[in-house]
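*Asks:* Right, I'll just put the structure down here and ask away after.
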Amino acid sequence: MTARYNGKGSWEEWQKEWAMEDRYNFRTIEKKWQKIWEDEKTYKVEIDNNKEKFYALVEFPYPSGQGLHVGHPRSYTALDIVSRKKRMQGYNVLYPMGFDAFGLPAENYAIKTGIHPAISTAENIKVYTRQLKSLGFSFDWDRCVDTSSPEYYKWTQWMFIKFFEKGMAYKDKISINWCPHCKIGLANEEVINGNHCERCGGEVVKKEKEQWMIAITKYADRLIDDLDTVDFIERVKAQQINWIGRSEGAELDFGLALKNGDTVGGKKLTVFTTRPDTAFGVTYMVLAPEHPYVEELMAKFENPEEIKEYIKTSKNKSDLDRTISEEKTGIELKGIKAKNPYSNELIPVFISDYVLMGYGTGAIMAVPAHDQRDYDFAKAFNLPIIPVLEGGDISKEAHEGEGAHINSGFLNGMNKENGMAAAIKYAKEHGFGTAKVNFKLRDWVFSRQRYWGEPIPMVNCPVCGWVPLKEHELPLTLPEVKDYLPSDDGESPLAKAKDWVNTTCPKCGCPAKRETDTMPNWAGSSWYFLRYADPHNDEAFASKEALDYWMNVDWYNGGMEHTTLHLLYSRFWHKFLYDCGLVNTSEPYKKRTSHGMILGSNGEKMSKSRGNVINPDDIVANYGADSFRLYEMFMGPFDQVVDWNEESLNGVYRFIGRVYGLFNKVYKMEPTRDDLRAMHKCIIEVTERVDSMKFNTAVSSFMTYVNYLSSLNKIPAELYAALLKLMSPFTPHFAEEMWARLGYNSSVVTEAWPVGDAKLAEDDTVTIAVQVNGKMRGTLEAPKNASNDEVEKLALSLDVVKKHIGGNTLKKVIVVPNKIINIVA
RNA sequence: GGGGGCGUGGCGGAAUGGUAGACGCGGUUGACUCAAAAUCAAUUGUCCACAAGACUUGGGAGUUCGAGUCUCCCCGCCCCUACCA
């Protein structure tokens, strides 16, 4: 071990050369090391079959005009620490970064300024890259991807064609959010305050449009079931399960009858219910206003005008209004009745917007006694409420019931479970129903009437229908257009590029038209982790060799806000590729964790309008990247929301300064037993805490250790060197600099991670807490692993113990070795 | 309505059922300074002049020799989601 003096020249010269500046000059030092890492490609990684791989992934940013947010580095620093530590532990670590570069802001900016999104996006990427590099992350920049580059989206398009070929992509008419003023389709995120356009503030309406859909619902079961095979934090799993919303029940056919008893063209009304056992309590039926029967049977109704009027008003109601309004509205479909297949009773049929076309069959059997929504409707329309489950008080509200069925014919006396089974069995036997599983999850609407996205590589041929492009025709690049506004009828801006739209059918050669919609934002990010494995491949999205070596992602960290969209989409996408034999694992991510948001110092979300935005550039300029990184790890538990606090930031800044100052006390000398104890404690703690994401307490361990080092007059170099190694994942620039000053020619980031020795970390004597009748009365010093008798003897000799026992006799003595003794008297 | 999370000093927060408040911020006092900043040292949960002692993890009950931690009930806050039948 060479400490302080590297042997070249005299000791005096050495000291002079490294004459300590009063203050740690992070500005020059951080730049210096960033340049060295970049020049030497320190973090470049290649396949190495002799080494175990580790793939750490963070969500790549959308390069907005705002620049990097202080929230980004929280996640990036955490996995940078994990990656750096893994590297030091001998793993071959892939820690990549890229840009999710298609998106609305660039397009809206283009509409305003006429600047091509590709140009503004490239500018933004430059800014982001500079900012990310200024923070010293150990990304392999040679693997950087950009989802908006044709080299990348060629493969996104290629994969879309796979979806189409396997029957997973189809066209369907669905309603979208449409702003009549801006003449533009809006994403859900762009609809604000219930039903207002984010851009103009005007009202948004629903509009039917043909859209490409992807059949994610076919994977619903596997997306739930396979969560058992991965290590995701519980709240992520719970949210995904909830979002997919699997519910088991039955589909039942109710008969329909005209007043005179005739059937209604043989039509049956099919409903989905999770409680078929309550069917005897059905007192009416409800259809969604959009239910096809309403239109089809209009001629049979006695009150078509009323019905049409109701449909019209409910169509114009925003989702928010539909949700928030407490009062139930609806219209009876007069002239027809439904026949309950269990009781054979005839009951009225209504339409109401509390029933949604998008879930189940768009029709329900109403059991007002046991469903609050049905109850409210029944009260409003004066319909009978028949309890079929024991318990509760239906004069006040609907209840879930407990115990046996009542008023339920052959189900009477059965509990819920048996009732369900019997009801379904009966329905099956009588041919009017069957068990059925339903999902909340809808198929993925994959079309956007936008410019700045991947063109959908499909051609509509009058002869062949929808035909995908041939592989050699990919990528289908975005055409130049004069302006980026959608056309008046809501067609994508691409529709204006006539030369581009008009093409020939790849199959038959007839004149045909290209699809002008583009893909949603989520497309490129659904598979980017695969591209990182082999980012420059132009023969495949990634080579089999690269995928075999690097997949799966070992640890993926990202925001909770991506749990139900990006994370679910990418799992689905990966499973689809797996089924096509294109990847070799059915799940992409082994482990998923999530960081908490960083709020402004006022406890509110950071935003321009609130004026509480912190710019990472300012922090790096004033405190340095290392302080910034260390602060973001120290500020609170990694998975929880925290407020930004500049004073705490100053605390870690001072801490780094203190460690810097300690260098003056470092000497080449043998460590004492106490020294080794402190060192090994720190090694063990930091190692454990990084692995378990307790970054804040890992930093505390440094501080405790440094407090110990500060108490020494002279610090053995070994102790300081160990500290630098442990700190290097957190504060890499600082660690590199001090490592060099210790006299090493090597880079500390390539050193081996220290291994803690539990024996050496142990204390010789322990402080044992002494309780009398469960109350703390003092402590005593005992040798490590003293016997219970010994500890008891020591405790009983304490005055304070004698005092509290008084004249009582001992009933019980509990000794927890090395921890506590409790004397019960 | 459903799902998830949280509640500990002035503040951020530590605590495998075993000394509550680690570590940091802030405060107080002192040293250095003409002075301030920076730095260093001491101190800092509350009540009490001090000591002794008592109290203390949103509230209440319970399990236990022992509860911030486990169980039940209640209160409050945050996030996601939502007439999902």
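Identifiers for the structure tokens are assigned positionally: chains receive A, B, ... in sequence, residues are indexed from 1 per chain, and ligands are indexed from 1 in the order shown.
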Between chain B and chain A, at 7 Å or less, what are the per-residue closest atom pairs and their distances in Å? Count only C-alpha atoms (C1' of nucleotides), order by chain and rising residue number, and return it as JSON lines.
*Replies:*
{"residue": "B:G3", "atom": "C1'", "partner": "A:Asn242", "partner_atom": "CA", "distance": 6.7}
{"residue": "B:G4", "atom": "C1'", "partner": "A:Arg235", "partner_atom": "CA", "distance": 6.0}
{"residue": "B:G12", "atom": "C1'", "partner": "A:Met635", "partner_atom": "CA", "distance": 6.5}
{"residue": "B:G13", "atom": "C1'", "partner": "A:Gly636", "partner_atom": "CA", "distance": 6.5}
{"residue": "B:G18", "atom": "C1'", "partner": "A:Ile820", "partner_atom": "CA", "distance": 6.0}
{"residue": "B:U19", "atom": "C1'", "partner": "A:Ala769", "partner_atom": "CA", "distance": 5.2}
{"residue": "B:C23", "atom": "C1'", "partner": "A:Ser700", "partner_atom": "CA", "distance": 4.6}
{"residue": "B:G24", "atom": "C1'", "partner": "A:Gly651", "partner_atom": "CA", "distance": 6.6}
{"residue": "B:C25", "atom": "C1'", "partner": "A:Ser648", "partner_atom": "CA", "distance": 5.3}
{"residue": "B:C65", "atom": "C1'", "partner": "A:Gly774", "partner_atom": "CA", "distance": 6.5}
{"residue": "B:G66", "atom": "C1'", "partner": "A:Gly774", "partner_atom": "CA", "distance": 5.3}
{"residue": "B:C83", "atom": "C1'", "partner": "A:Tyr354", "partner_atom": "CA", "distance": 4.8}
{"residue": "B:C84", "atom": "C1'", "partner": "A:Lys440", "partner_atom": "CA", "distance": 5.8}
{"residue": "B:A85", "atom": "C1'", "partner": "A:Thr273", "partner_atom": "CA", "distance": 5.8}
*Asks:* Could you give me, as a PyMOL selection string, the residues within 10 Å of Tyr375 in chain A, counting only C-alpha atoms (C1' of nucleotides) and dropping anything in the same chain fewer than 3 positions from it?
*Replies:* chain A and resi 328+366-372+378-381+383-385+394+396-399
*Asks:* What's the 12 Å shell around Arg673 in chain A, counting only C-alpha atoms (C1' of nucleotides), without same-chain residues fewer than 6 positions away, as a ChimeraX atom specification?
*Replies:* /A:679-680,716,719,759-764
*Asks:* Identify which of the residues A:Tyr43, A:Tyr76, A:Tyr219, A:Tyr660 lies closest to Phe139 in chain A, counting only C-alpha atoms when measuring atom-to-atom distances.
*Replies:*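 Once distances to Phe139 in chain A are computed over only C-alpha atoms, the minimum belongs to A:Tyr43.
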*Asks:* With only C-alpha atoms (C1' of nucleotides) as the atoms that count, which of B:G53, B:U64, B:G1, B:C6 lies nearest to C79 in chain B?
*Replies:* B:C6
*Asks:* Go through A:Arg677, A:Lys53, A:Lys590, A:Lys436 one by one, measure the shortest atom-to-atom distance of each to Tyr549 in chain A using only C-alpha atoms, and give the residue with the smallest value.
*Replies:*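 Closest candidate: A:Lys53.
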*Asks:* Contacts of Gly65 in chain A at 8 Å or less, counting only C-alpha atoms (C1' of nucleotides), minus same-chain residues fewer than 2 places along, as a list in words?
*Replies:* Pro63, Gly67 and Asn124 of chain A
